[in-house]
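Here's the structure we're looking at; comments come further down.
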Amino acid sequence: MCRTGRQTDPADPHPDTRSDTDPATDTDACTDADAGTDADADADADSGKASNAAFAALLEDSAEDLYESAPCGYLSMLMDGTVAKINTTLLDWLGLDREAVVGRMRFTDLLTVGGKLYHETHFAPLLRMQGRIGGIALEMKQADGARIPVLVSSVVKYGGGGEPLLIRTTVFDARDRRAYEEELLRGRKAAEEARRQAEADRARLQEALAVLQQSLLPATLPPVPGMETAAHYCTASPDRLGGDFYDVFPVDGKRFAFFLGDVCGKGPQAAAVTSLTRYTLRAAALHDSEPVAALSTLNKVLHERYSAGGDPRYCTAVFGVLEPDPATGQVTVRIASGGHPPALVLRADGTADFLPTPGGLLVGVLPDARFVAATTVLAPGDTLLLYTDGLTEARTGEDRDTLYGDEALRAFAAKHAGRRPQAVVQALTGLLDEFGDGLDDDTALLALGVPALDDDTAAYPTPDPDPATKSTR
Amino acid sequence: MSPLKITTRDTATGPVLAILGDLDYAHAGELRELLTTLTLRPGQRLVLDLAGMDFCDSSGITALIAAHHHAQAAHADIALAAVPANTLRILRIVGLDQIFPLHPDTESAARSTRPSR
């Protein structure tokens, strides 16, 4: 706009009343300048003159009209805040008449209570100090009481002697912006709520998972008269539900049953099989504690449950019955295996040997599976050790490419033969720790021993054994 | 870790599946999927050639069992050929050596008549 320098100040409380808005005057001035710089291009100048004139006519509506109908509110006030001039746009927003405002109201009268407070404490002091202030969010009140969020900018106009004369203010309607901000806030609140909900769900799931996990393994082993027991469970990964299982429980007045096994697979499906297996074996043993019968029942249950769906599930398991003889202090162990590595017997004399149960088939694979039973007698100082193949299949050696193997386990066990079950399990736990990342699979250990006669710390019958130990690498 | 590759060829006695690579948790599903598309006629013999199998975990064993069930459902036989030593050890522990006829190579697996159980 080439007229800027001559424009009447629309915010002046004492505006120059001379009309200075004749577009023709302005256009002439501009085209004169054009003609002077390009005197040879008359034709071009003529057509340019015509279009410039039309363009200017469009743009240069009167300053008064621009002031009154601008897309923002204009307001001039005296230094005491009395409104001296206000444009139609702002009056329309507020729903007020000019007569009611000019000379009668102060700027703060147009604000909400909150807006007033903010104006007094922040806006006005800053404006006095700096002479200008920009983009302050305030709330104005409409005649009907509704609020309009606005952004207010003000500058102080000074006289020739530097004395403040008046305050010019522009007001921008921030309703759309406020709505947008509220939308953002709502979105944030919704996201926070969703996150809180997700965290609560996660906590609940973890709680449920913990309860289910506890249902897979006994928290403690029951005291077995004349024996000591120890167990250990090591999961290869803490977020995986274990597939190994063990249990010890009474079947009648004098006998106890025990089992240990390994369900194929990992995760919730494997855990479901583990649970089914554990409670099937417990129920089967109460009906008929003969080990081959218990495994046969489990085999039927697993086969019936899982073979049809084309997703066979099976497990390996050792099941046994302990029959202590209080007269001799010996315990007769009858044991059967379904596809499980053979149990080890650690003798008081420092030897260790496998208790072979060859030919026992994986449990749940065939409708009629064969299981093989074996019997041994544990004398004082002897311990029966059951383990899952996480132990024997652990990868050892520098390149982690050699399996630990049966013979190494037997030799290790022999070194600890004659010791109490707790000590044997502790030694094996140490061994598992040494395997480190060579341990791929869960490992369960269960040791059942008859205390040595000279071991006065293990009087007959035994006190409560220590709870089963569990660990996670 | 080597990926699993399975090649199928038909012989006079039935299909021979050569299993190359790892038959493990990550790949055993491929064999089980292939089995569902495999047509076996009664009396045929499905031979799994394991000579090129590098590794077999419990999921692999499950896939072998699925193959056994598949053959049984079709009234066909199944035999394993050239079982690697480590897998053979596991098969013996879990008693599956009683279920799967084991042969040194595919020729003898296809040639022999009814398996000796």
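Every chain in the structure tokens takes a letter, A first, then B, and so on in the order presented; its residues are numbered from 1, and the ligands are numbered from 1 following the presented order.
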
Going by DSSP on the backbone, which residues of chain B come out as strand (DSSP E or B)? List them as number ranges by chain. B: 5-11, 14-23, 45-49, 53-56, 77-81, 102-103

Mind writing the picked residues with C-alpha atoms as a PDB file, in the first residue's frame?
```
ATOM      1  CA  LYS B   5      14.149 -77.145   3.081  1.00  0.00           C
ATOM      2  CA  ILE B   6      11.912 -80.074   2.243  1.00  0.00           C
ATOM      3  CA  THR B   7      11.976 -81.808  -1.132  1.00  0.00           C
ATOM      4  CA  THR B   8       9.365 -84.347  -2.116  1.00  0.00           C
ATOM      5  CA  ARG B   9       9.818 -87.127  -4.654  1.00  0.00           C
ATOM      6  CA  ASP B  10       7.493 -89.969  -5.481  1.00  0.00           C
ATOM      7  CA  THR B  11       8.764 -93.516  -5.624  1.00  0.00           C
ATOM      8  CA  GLY B  14       5.277 -93.862  -1.862  1.00  0.00           C
ATOM      9  CA  PRO B  15       6.538 -90.345  -1.277  1.00  0.00           C
ATOM     10  CA  VAL B  16      10.005 -89.624   0.076  1.00  0.00           C
ATOM     11  CA  LEU B  17      10.451 -86.339   1.932  1.00  0.00           C
ATOM     12  CA  ALA B  18      14.044 -85.186   2.259  1.00  0.00           C
ATOM     13  CA  ILE B  19      14.411 -82.841   5.213  1.00  0.00           C
ATOM     14  CA  LEU B  20      17.345 -80.457   5.044  1.00  0.00           C
ATOM     15  CA  GLY B  21      18.303 -77.994   7.777  1.00  0.00           C
ATOM     16  CA  ASP B  22      16.725 -77.367  11.157  1.00  0.00           C
ATOM     17  CA  LEU B  23      13.519 -79.086  12.135  1.00  0.00           C
ATOM     18  CA  ARG B  45       5.033 -95.917   2.696  1.00  0.00           C
ATOM     19  CA  LEU B  46       5.985 -92.383   3.612  1.00  0.00           C
ATOM     20  CA  VAL B  47       9.751 -92.126   4.015  1.00  0.00           C
ATOM     21  CA  LEU B  48      11.331 -89.168   5.829  1.00  0.00           C
ATOM     22  CA  ASP B  49      14.944 -88.854   4.770  1.00  0.00           C
ATOM     23  CA  MET B  53      18.708 -82.672   8.951  1.00  0.00           C
ATOM     24  CA  ASP B  54      21.044 -80.542  11.072  1.00  0.00           C
ATOM     25  CA  PHE B  55      18.971 -80.178  14.199  1.00  0.00           C
ATOM     26  CA  CYS B  56      15.727 -81.479  15.649  1.00  0.00           C
ATOM     27  CA  ASP B  77       3.323 -96.835   6.717  1.00  0.00           C
ATOM     28  CA  ILE B  78       6.029 -94.475   7.765  1.00  0.00           C
ATOM     29  CA  ALA B  79       9.771 -94.962   8.050  1.00  0.00           C
ATOM     30  CA  LEU B  80      12.703 -92.754   8.962  1.00  0.00           C
ATOM     31  CA  ALA B  81      15.909 -92.965   6.976  1.00  0.00           C
ATOM     32  CA  LEU B 102      14.580 -96.756  11.296  1.00  0.00           C
ATOM     33  CA  HIS B 103      16.675 -97.373   8.216  1.00  0.00           C
TER      34      HIS B 103
END
```

Counting only C-alpha atoms, which residues from chain A have an atom at most 9 Å from any atom of chain B, and could you show them as a PyMOL selection string? chain A and resi 264-265+307+310-314+316+338-342+358-363+365-366

Which residues are near Ala348 in chain A? Cut-off 10 Å, only C-alpha atoms, ignore same chain within fewer than 5 positions. Put them as a VMD selection string. chain A and resid 378 to 383 414 416 to 420 450 to 452

Check range 13-100 of chain B with DSSP on the backbone and list each residue it calls helix (DSSP H, G or I), as a PDB file with N, CA and C atoms, in the first residue's frame.
```
ATOM      1  N   ALA B  28       9.377 -76.291  12.211  1.00  0.00           N
ATOM      2  CA  ALA B  28       8.677 -77.578  12.196  1.00  0.00           C
ATOM      3  C   ALA B  28       7.279 -77.445  11.587  1.00  0.00           C
ATOM      4  N   GLY B  29       6.697 -76.240  11.721  1.00  0.00           N
ATOM      5  CA  GLY B  29       5.368 -76.013  11.169  1.00  0.00           C
ATOM      6  C   GLY B  29       5.313 -76.244   9.665  1.00  0.00           C
ATOM      7  N   GLU B  30       6.464 -75.988   8.981  1.00  0.00           N
ATOM      8  CA  GLU B  30       6.497 -76.162   7.526  1.00  0.00           C
ATOM      9  C   GLU B  30       6.278 -77.630   7.154  1.00  0.00           C
ATOM     10  N   LEU B  31       6.896 -78.528   7.915  1.00  0.00           N
ATOM     11  CA  LEU B  31       6.703 -79.949   7.633  1.00  0.00           C
ATOM     12  C   LEU B  31       5.253 -80.351   7.905  1.00  0.00           C
ATOM     13  N   ARG B  32       4.725 -79.817   9.013  1.00  0.00           N
ATOM     14  CA  ARG B  32       3.357 -80.191   9.365  1.00  0.00           C
ATOM     15  C   ARG B  32       2.362 -79.666   8.338  1.00  0.00           C
ATOM     16  N   GLU B  33       2.659 -78.486   7.795  1.00  0.00           N
ATOM     17  CA  GLU B  33       1.791 -77.930   6.759  1.00  0.00           C
ATOM     18  C   GLU B  33       1.866 -78.773   5.486  1.00  0.00           C
ATOM     19  N   LEU B  34       3.099 -79.145   5.151  1.00  0.00           N
ATOM     20  CA  LEU B  34       3.298 -79.937   3.943  1.00  0.00           C
ATOM     21  C   LEU B  34       2.548 -81.277   4.049  1.00  0.00           C
ATOM     22  N   LEU B  35       2.554 -81.833   5.267  1.00  0.00           N
ATOM     23  CA  LEU B  35       1.899 -83.128   5.467  1.00  0.00           C
ATOM     24  C   LEU B  35       0.419 -83.063   5.114  1.00  0.00           C
ATOM     25  N   THR B  36      -0.197 -81.923   5.426  1.00  0.00           N
ATOM     26  CA  THR B  36      -1.632 -81.816   5.180  1.00  0.00           C
ATOM     27  C   THR B  36      -1.946 -81.842   3.685  1.00  0.00           C
ATOM     28  N   THR B  37      -0.961 -81.484   2.858  1.00  0.00           N
ATOM     29  CA  THR B  37      -1.187 -81.473   1.408  1.00  0.00           C
ATOM     30  C   THR B  37      -0.718 -82.764   0.754  1.00  0.00           C
ATOM     31  N   SER B  58      12.188 -80.515  20.251  1.00  0.00           N
ATOM     32  CA  SER B  58      10.942 -81.190  20.607  1.00  0.00           C
ATOM     33  C   SER B  58       9.819 -80.842  19.620  1.00  0.00           C
ATOM     34  N   SER B  59       9.879 -79.632  19.047  1.00  0.00           N
ATOM     35  CA  SER B  59       8.879 -79.281  18.035  1.00  0.00           C
ATOM     36  C   SER B  59       9.070 -80.141  16.793  1.00  0.00           C
ATOM     37  N   GLY B  60      10.336 -80.435  16.478  1.00  0.00           N
ATOM     38  CA  GLY B  60      10.635 -81.313  15.344  1.00  0.00           C
ATOM     39  C   GLY B  60      10.117 -82.705  15.598  1.00  0.00           C
ATOM     40  N   ILE B  61      10.311 -83.180  16.832  1.00  0.00           N
ATOM     41  CA  ILE B  61       9.803 -84.501  17.206  1.00  0.00           C
ATOM     42  C   ILE B  61       8.278 -84.523  17.053  1.00  0.00           C
ATOM     43  N   THR B  62       7.642 -83.418  17.475  1.00  0.00           N
ATOM     44  CA  THR B  62       6.189 -83.337  17.337  1.00  0.00           C
ATOM     45  C   THR B  62       5.772 -83.442  15.873  1.00  0.00           C
ATOM     46  N   ALA B  63       6.554 -82.802  14.993  1.00  0.00           N
ATOM     47  CA  ALA B  63       6.235 -82.863  13.563  1.00  0.00           C
ATOM     48  C   ALA B  63       6.395 -84.295  13.050  1.00  0.00           C
ATOM     49  N   LEU B  64       7.403 -85.001  13.549  1.00  0.00           N
ATOM     50  CA  LEU B  64       7.579 -86.404  13.149  1.00  0.00           C
ATOM     51  C   LEU B  64       6.380 -87.231  13.607  1.00  0.00           C
ATOM     52  N   ILE B  65       5.932 -86.947  14.822  1.00  0.00           N
ATOM     53  CA  ILE B  65       4.760 -87.675  15.338  1.00  0.00           C
ATOM     54  C   ILE B  65       3.529 -87.352  14.487  1.00  0.00           C
ATOM     55  N   ALA B  66       3.408 -86.069  14.093  1.00  0.00           N
ATOM     56  CA  ALA B  66       2.286 -85.680  13.230  1.00  0.00           C
ATOM     57  C   ALA B  66       2.341 -86.448  11.916  1.00  0.00           C
ATOM     58  N   ALA B  67       3.574 -86.633  11.392  1.00  0.00           N
ATOM     59  CA  ALA B  67       3.740 -87.410  10.161  1.00  0.00           C
ATOM     60  C   ALA B  67       3.298 -88.857  10.385  1.00  0.00           C
ATOM     61  N   HIS B  68       3.653 -89.405  11.534  1.00  0.00           N
ATOM     62  CA  HIS B  68       3.244 -90.767  11.886  1.00  0.00           C
ATOM     63  C   HIS B  68       1.719 -90.887  11.903  1.00  0.00           C
ATOM     64  N   HIS B  69       1.091 -89.900  12.561  1.00  0.00           N
ATOM     65  CA  HIS B  69      -0.367 -89.935  12.658  1.00  0.00           C
ATOM     66  C   HIS B  69      -1.011 -89.793  11.274  1.00  0.00           C
ATOM     67  N   HIS B  70      -0.395 -88.934  10.452  1.00  0.00           N
ATOM     68  CA  HIS B  70      -0.927 -88.700   9.113  1.00  0.00           C
ATOM     69  C   HIS B  70      -0.888 -89.992   8.305  1.00  0.00           C
ATOM     70  N   ALA B  71       0.230 -90.699   8.386  1.00  0.00           N
ATOM     71  CA  ALA B  71       0.370 -91.957   7.652  1.00  0.00           C
ATOM     72  C   ALA B  71      -0.632 -92.985   8.178  1.00  0.00           C
ATOM     73  N   GLN B  72      -0.747 -93.017   9.501  1.00  0.00           N
ATOM     74  CA  GLN B  72      -1.649 -93.996  10.114  1.00  0.00           C
ATOM     75  C   GLN B  72      -3.099 -93.747   9.682  1.00  0.00           C
ATOM     76  N   ALA B  73      -3.468 -92.460   9.645  1.00  0.00           N
ATOM     77  CA  ALA B  73      -4.827 -92.111   9.256  1.00  0.00           C
ATOM     78  C   ALA B  73      -5.118 -92.529   7.820  1.00  0.00           C
ATOM     79  N   ALA B  85      22.782 -89.091  14.561  1.00  0.00           N
ATOM     80  CA  ALA B  85      23.058 -89.748  15.845  1.00  0.00           C
ATOM     81  C   ALA B  85      22.366 -89.048  17.009  1.00  0.00           C
ATOM     82  N   ASN B  86      22.416 -87.717  17.015  1.00  0.00           N
ATOM     83  CA  ASN B  86      21.857 -86.983  18.150  1.00  0.00           C
ATOM     84  C   ASN B  86      20.343 -87.143  18.228  1.00  0.00           C
ATOM     85  N   THR B  87      19.699 -87.116  17.059  1.00  0.00           N
ATOM     86  CA  THR B  87      18.249 -87.294  17.025  1.00  0.00           C
ATOM     87  C   THR B  87      17.882 -88.721  17.403  1.00  0.00           C
ATOM     88  N   LEU B  88      18.726 -89.671  16.961  1.00  0.00           N
ATOM     89  CA  LEU B  88      18.483 -91.071  17.291  1.00  0.00           C
ATOM     90  C   LEU B  88      18.518 -91.278  18.810  1.00  0.00           C
ATOM     91  N   ARG B  89      19.466 -90.587  19.457  1.00  0.00           N
ATOM     92  CA  ARG B  89      19.593 -90.692  20.910  1.00  0.00           C
ATOM     93  C   ARG B  89      18.292 -90.215  21.567  1.00  0.00           C
ATOM     94  N   ILE B  90      17.775 -89.086  21.085  1.00  0.00           N
ATOM     95  CA  ILE B  90      16.530 -88.539  21.659  1.00  0.00           C
ATOM     96  C   ILE B  90      15.354 -89.477  21.383  1.00  0.00           C
ATOM     97  N   LEU B  91      15.299 -90.001  20.136  1.00  0.00           N
ATOM     98  CA  LEU B  91      14.205 -90.918  19.789  1.00  0.00           C
ATOM     99  C   LEU B  91      14.210 -92.123  20.724  1.00  0.00           C
ATOM    100  N   ARG B  92      15.428 -92.582  21.095  1.00  0.00           N
ATOM    101  CA  ARG B  92      15.514 -93.742  21.990  1.00  0.00           C
ATOM    102  C   ARG B  92      15.030 -93.376  23.385  1.00  0.00           C
ATOM    103  N   ILE B  93      15.428 -92.171  23.859  1.00  0.00           N
ATOM    104  CA  ILE B  93      15.011 -91.755  25.209  1.00  0.00           C
ATOM    105  C   ILE B  93      13.489 -91.703  25.300  1.00  0.00           C
ATOM    106  N   LEU B  96      10.440 -93.406  20.872  1.00  0.00           N
ATOM    107  CA  LEU B  96       9.877 -93.348  19.527  1.00  0.00           C
ATOM    108  C   LEU B  96      10.585 -94.307  18.570  1.00  0.00           C
ATOM    109  N   ASP B  97      11.753 -94.833  18.982  1.00  0.00           N
ATOM    110  CA  ASP B  97      12.424 -95.818  18.125  1.00  0.00           C
ATOM    111  C   ASP B  97      11.567 -97.077  17.997  1.00  0.00           C
ATOM    112  N   GLN B  98      10.599 -97.225  18.917  1.00  0.00           N
ATOM    113  CA  GLN B  98       9.697 -98.380  18.802  1.00  0.00           C
ATOM    114  C   GLN B  98       8.571 -98.121  17.816  1.00  0.00           C
TER     115      GLN B  98
END
```

Would you work out the distance separating CA of Pro3 in chain B from CA of Asp24 in chain B, expressed in Å to one decimal? 9.5 Å

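For the atom pair formed by CA of Gly438 in chain A and CA of Ala272 in chain A, the distance is 26.9 Å, given to one decimal.
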
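When the distance limit is 10 Å and only C-alpha atoms are what count, the residues near range 138-140 of chain A, minus those fewer than 6 positions from it on the same chain, are Trp93, Leu94, Phe107, Thr108, Asp109, Leu110, Leu111, Thr112, Val113, Gly114, Gly115, Lys116, Leu117, Tyr118, His119, Phe123, Ala146, Arg147, Ile148, Pro149, Val150, Leu151, Val152, Val171, Asp173 and Ala174 of chain A.
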